[in-house]
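So the structure is just underneath, and the comments pick up after that.
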Amino acid sequence: MLKIDNLELNYGVIRALKGITMEVNEGEIVTLIGANGAGKSSTLKAISGIEKIKSGSITFMEENLHRKSAQDIVKRGISHVPEGRRIFPGLTVLENLEMGAYLRKDKEGIRQDLKMVYERFPILEARSKQDAATLSGGEQQMLAMGRALMSRPKLLLLDEPSMGLAPILVREIFSIIKDIKKQGTTVLLVEQNARMALSIADRAYVMETGSIVLSGSGEELASSKDIQKAYLGG
Amino acid sequence: MKQSFSRKNITALLILVVSVILLSVMFGLIPPKWQKTFITACYYIIGALGLNLIIGVSGQFSLGHAGFIAIGAYSVGIIFQSNATIYGFALGTALGIVITCAVALIIAIPTFRLRGDYLAIATLGFSEIIRIVIQNLDITGGASGLSYLSFEGINDQGMFIMMVITIMLAILLIVNYVKSSHGRATVSVREDEIAAEAMGINTTKYKTVAFLIGASLAAVAGAYFGPMNFFIKPGDFGFTKSIDVLVIVVLGGMGSLSGTVVGGIFIAVMNTFLQDYSEIRMILYALILVLVMILRPRGLFGNKEITDIWKKKTKGAE
């Protein structure tokens, strides 16, 4: 579904991605794990067109995304939940969700998807008229995910959904991610919480300073000695 | 939804007509010194409404307003040399808007890669460029400026009515824009540019649209500036002019149109009162601004509108 080939990305003179190659197949949850500054978020930003790439190629559904603008990429079915949630604080919860469907014209479909999002996140329905800034961290994360689902994506990019959340909320968020996959949306998940991410992932890539150093199935990596030592605390 | 939308606009139009008549009658009754004050207030409000759209709604910190005001003022000024009628005024204003949009577009392309303070400095620079260009052209009268012929057939009261109508149309335009899906997209750019981009919103487009509308309103404010003062020179459009308008927006509350209107009146009235204390005028002015900002850190209205009162409490809130 998504193929990345030898992708490089620079911030000025800093080489954030030094030629990474990976792929995501339809129906999978694929996770990218690694330490701070490894290039995980940069990879997602390159895919969704927020950062311009230096070289290499990104192919989605047999189509090269090179030089496509962010909105063209959203139109093609990739939705990005950015790191730190980034909801629109001055808008209500409902308005935030409507922004997710910004590029869609099918009113009926939008209404259905709104209902679907409310079913998945009942708390958002209860708070729909509230200023999004008044939500708790966990609710904001749900809002950010709901907003991304409103564009009815084929591929959902999740950047650190567990960031700053209590363990019980992290479990809830991850079980929702599994549900999203079950309903047919492919997920590319970036996480610091490697143990949690590996537990739900079909496949995983491990990044280190701009390169992919390991890859394999979620279970394989979770039981690998190197990974346990580096990321899972022994 | 659509029906109530147009009904709202009709109600707004009705209120507009009635209040224009009321205001103009009241205007005729006040002493000339205060007439001048309210004309100045209107001029500030038109410019500040535009800046509020740029700063308050789209969240782009622009200090280039003086340049656009200058373009509007000079367009009308030049046309007025041969035709100082209401038609000349309309032509000059239209010309000013067209030139302003062209210039604003040229400014927007390189500067909208910048954010916050950097954008402010860049727009400030462009505004100064406009001023210097005007200062060195022949048609604008160079550094010595342009004298205006008096406005044929329009007295102070007539001008006041024109300005009030302009303000109301501007408010109608901005309210409808903000409530449209384009406006929502513009607000989302203000709240979080990266998230807006991730939602598939063309952030540059909406920033530019808001900037163009805002700059056009500055040009309209400028169009009134000449007939108001009978004389314009490049020195009138230094960066302090941008600051004057910015003060109204911040004082009234960024994003609040009611705030801008009240802020504009507040500043003009305060200036008139302070004329009696000429030596310490600027000190008092600054002190009052500091006080307001301490007491109301988000401006007089924050991001609320006067109409919000009716929305929450029904009646009796006046």
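Identifiers in this document derive from the order of the structure tokens: chains are assigned A, B, ..., residues are numbered from 1 separately in each chain, and ligands are numbered from 1 in order of occurrence.
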- Query: Quick one: which residues from chain B are at most 7 Å off chain A, using only C-alpha atoms, as a PyMOL selection string?
  - Reply: chain B and resi 188+191-192+195+197-202
Keeping only C-alpha atoms, write the selected residues to a file as a PDB file, in the first residue's frame.
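Output (selection-v9.pdb):
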ATOM      1  CA  SER B 188      -7.891  26.573  12.069  1.00  0.00           C
ATOM      2  CA  GLU B 191      -5.119  27.753  15.991  1.00  0.00           C
ATOM      3  CA  ASP B 192      -2.619  25.270  14.614  1.00  0.00           C
ATOM      4  CA  ALA B 195      -2.654  20.417  12.164  1.00  0.00           C
ATOM      5  CA  GLU B 197      -2.091  21.330   6.940  1.00  0.00           C
ATOM      6  CA  ALA B 198      -2.444  17.725   8.074  1.00  0.00           C
ATOM      7  CA  MET B 199      -6.213  18.066   7.629  1.00  0.00           C
ATOM      8  CA  GLY B 200      -5.629  18.970   4.013  1.00  0.00           C
ATOM      9  CA  ILE B 201      -6.133  22.707   4.311  1.00  0.00           C
ATOM     10  CA  ASN B 202      -4.146  24.861   1.920  1.00  0.00           C
TER      11      ASN B 202
END
List every residue of range 134-213 of chain B that has an atom at most 10 Å from any atom of range 13-23 of chain B, and for each one report the closest atom pair and its distance in Å to one decimal, counting only C-alpha atoms, with rows sorted by chain and then by increasing residue number, as CSV.
residue,atom,partner,partner_atom,distance
B:Gln157,CA,B:Leu23,CA,9.9
B:Phe160,CA,B:Leu23,CA,8.9
B:Ile161,CA,B:Val20,CA,6.6
B:Met162,CA,B:Val20,CA,9.2
B:Met163,CA,B:Val20,CA,9.9
B:Val164,CA,B:Val20,CA,6.7
B:Ile165,CA,B:Val20,CA,7.0
B:Met168,CA,B:Leu16,CA,6.8
B:Leu169,CA,B:Leu16,CA,8.8
B:Leu172,CA,B:Leu13,CA,9.0
- Message: Can you measure CA of Thr85 in chain B to CA of Pro227 in chain B for me? One decimal in Å is fine.
- Response: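 CA of Pro227 in chain B lies at a distance of 10.8 Å from CA of Thr85 in chain B.
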- Name the residues in contact with range 263-277 of chain B at a cut-off of 8 Å, using only C-alpha atoms, excluding same-chain residues fewer than 3 positions from it; report them as a list of chain:residue names.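 The contact residues come out as B:Trp34, B:Thr37, B:Phe38, B:Thr40, B:Ala41, B:Cys42, B:Tyr44, B:Ile45, B:Ala48, B:Ile248, B:Val249, B:Leu251, B:Gly252, B:Gly259, B:Thr260, B:Ile280, B:Arg281, B:Leu284, B:Tyr285, B:Leu300.
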- Message: Can you pull out the residues contacting Ala132 in chain A? Cut-off 6 Å, using only C-alpha atoms, and skip same-chain residues under 3 positions away; I want them as an NGL selection string.
- Response: :A and (89 or 92-93 or 135)
File of the preceding selection, C-alpha atoms, as a PDB file, in the first residue's frame:
ATOM      1  CA  PRO A  89      -8.121  24.982  20.774  1.00  0.00           C
ATOM      2  CA  THR A  92     -15.491  23.364  19.624  1.00  0.00           C
ATOM      3  CA  VAL A  93     -15.116  19.590  19.589  1.00  0.00           C
ATOM      4  CA  LEU A 135     -10.599  18.617  27.139  1.00  0.00           C
TER       5      LEU A 135
END
- Item | range 9-206 of chain A: residues DSSP assigns to strand (DSSP E or B), reported as a PyMOL selection string | chain A and resi 9-11+14-24+29-34+55-60+63-64+78-81+92+131+155-159+186-191+203-206
- Task: Find the spatial neighbours of Glu128 in chain B, counting only C-alpha atoms, within a cut-off of 9 Å - ignore same-chain residues fewer than 6 positions away - and output them as a PyMOL selection string.
- Result: chain B and resi 64+66-67+237-239
Any chance you could export the current selection's N, CA and C atoms as a PDB file, in the first residue's frame?
ATOM      1  N   GLY B  64       2.242  45.748   8.309  1.00  0.00           N
ATOM      2  CA  GLY B  64       2.363  46.441   7.021  1.00  0.00           C
ATOM      3  C   GLY B  64       1.174  47.312   6.683  1.00  0.00           C
ATOM      4  N   ALA B  66       0.266  50.354   7.334  1.00  0.00           N
ATOM      5  CA  ALA B  66       0.491  51.739   6.912  1.00  0.00           C
ATOM      6  C   ALA B  66       0.696  51.820   5.402  1.00  0.00           C
ATOM      7  N   GLY B  67       1.406  50.856   4.855  1.00  0.00           N
ATOM      8  CA  GLY B  67       1.669  50.857   3.414  1.00  0.00           C
ATOM      9  C   GLY B  67       0.382  50.775   2.612  1.00  0.00           C
ATOM     10  N   PHE B 237       2.510  58.100   6.696  1.00  0.00           N
ATOM     11  CA  PHE B 237       2.310  56.654   6.610  1.00  0.00           C
ATOM     12  C   PHE B 237       3.535  55.870   7.070  1.00  0.00           C
ATOM     13  N   GLY B 238       4.200  56.415   8.073  1.00  0.00           N
ATOM     14  CA  GLY B 238       5.329  55.703   8.672  1.00  0.00           C
ATOM     15  C   GLY B 238       4.820  54.520   9.474  1.00  0.00           C
ATOM     16  N   PHE B 239       5.743  53.763  10.077  1.00  0.00           N
ATOM     17  CA  PHE B 239       5.293  52.527  10.725  1.00  0.00           C
ATOM     18  C   PHE B 239       4.457  52.792  11.969  1.00  0.00           C
TER      19      PHE B 239
END
Please identify all polymer residues within 8 Å of Glu160 in chain A, counting only C-alpha atoms, omitting same-chain residues fewer than 4 positions from it, and present them as a short mmCIF file (atom, residue, chain, number, x, y, z; two decimals) with C-alpha atoms, in the first residue's frame.
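What follows is the written file selection02.cif:
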data_model
loop_
_atom_site.label_atom_id
_atom_site.label_comp_id
_atom_site.auth_asym_id
_atom_site.auth_seq_id
_atom_site.Cartn_x
_atom_site.Cartn_y
_atom_site.Cartn_z
CA GLU A 83 2.63 14.58 17.58
CA GLY A 84 1.21 16.39 20.60
CA LEU A 189 2.19 4.04 14.30
CA VAL A 190 5.14 5.94 15.72
CA GLU A 191 5.75 5.28 19.39
CA GLN A 192 8.16 5.81 22.24
#
What's around Asn193 in chain A at 8 Å? Count only C-alpha atoms, leave out sequence neighbours fewer than 3 positions away in its own chain, and write the answer as a CSV table (one decimal) with C-alpha atoms, in the first residue's frame.
chain,number,residue,atom,x,y,z
A,33,ILE,CA,10.0,2.7,17.2
A,162,SER,CA,0.4,7.6,24.1
A,196,MET,CA,2.9,-1.3,23.9
A,197,ALA,CA,3.5,-0.6,20.2
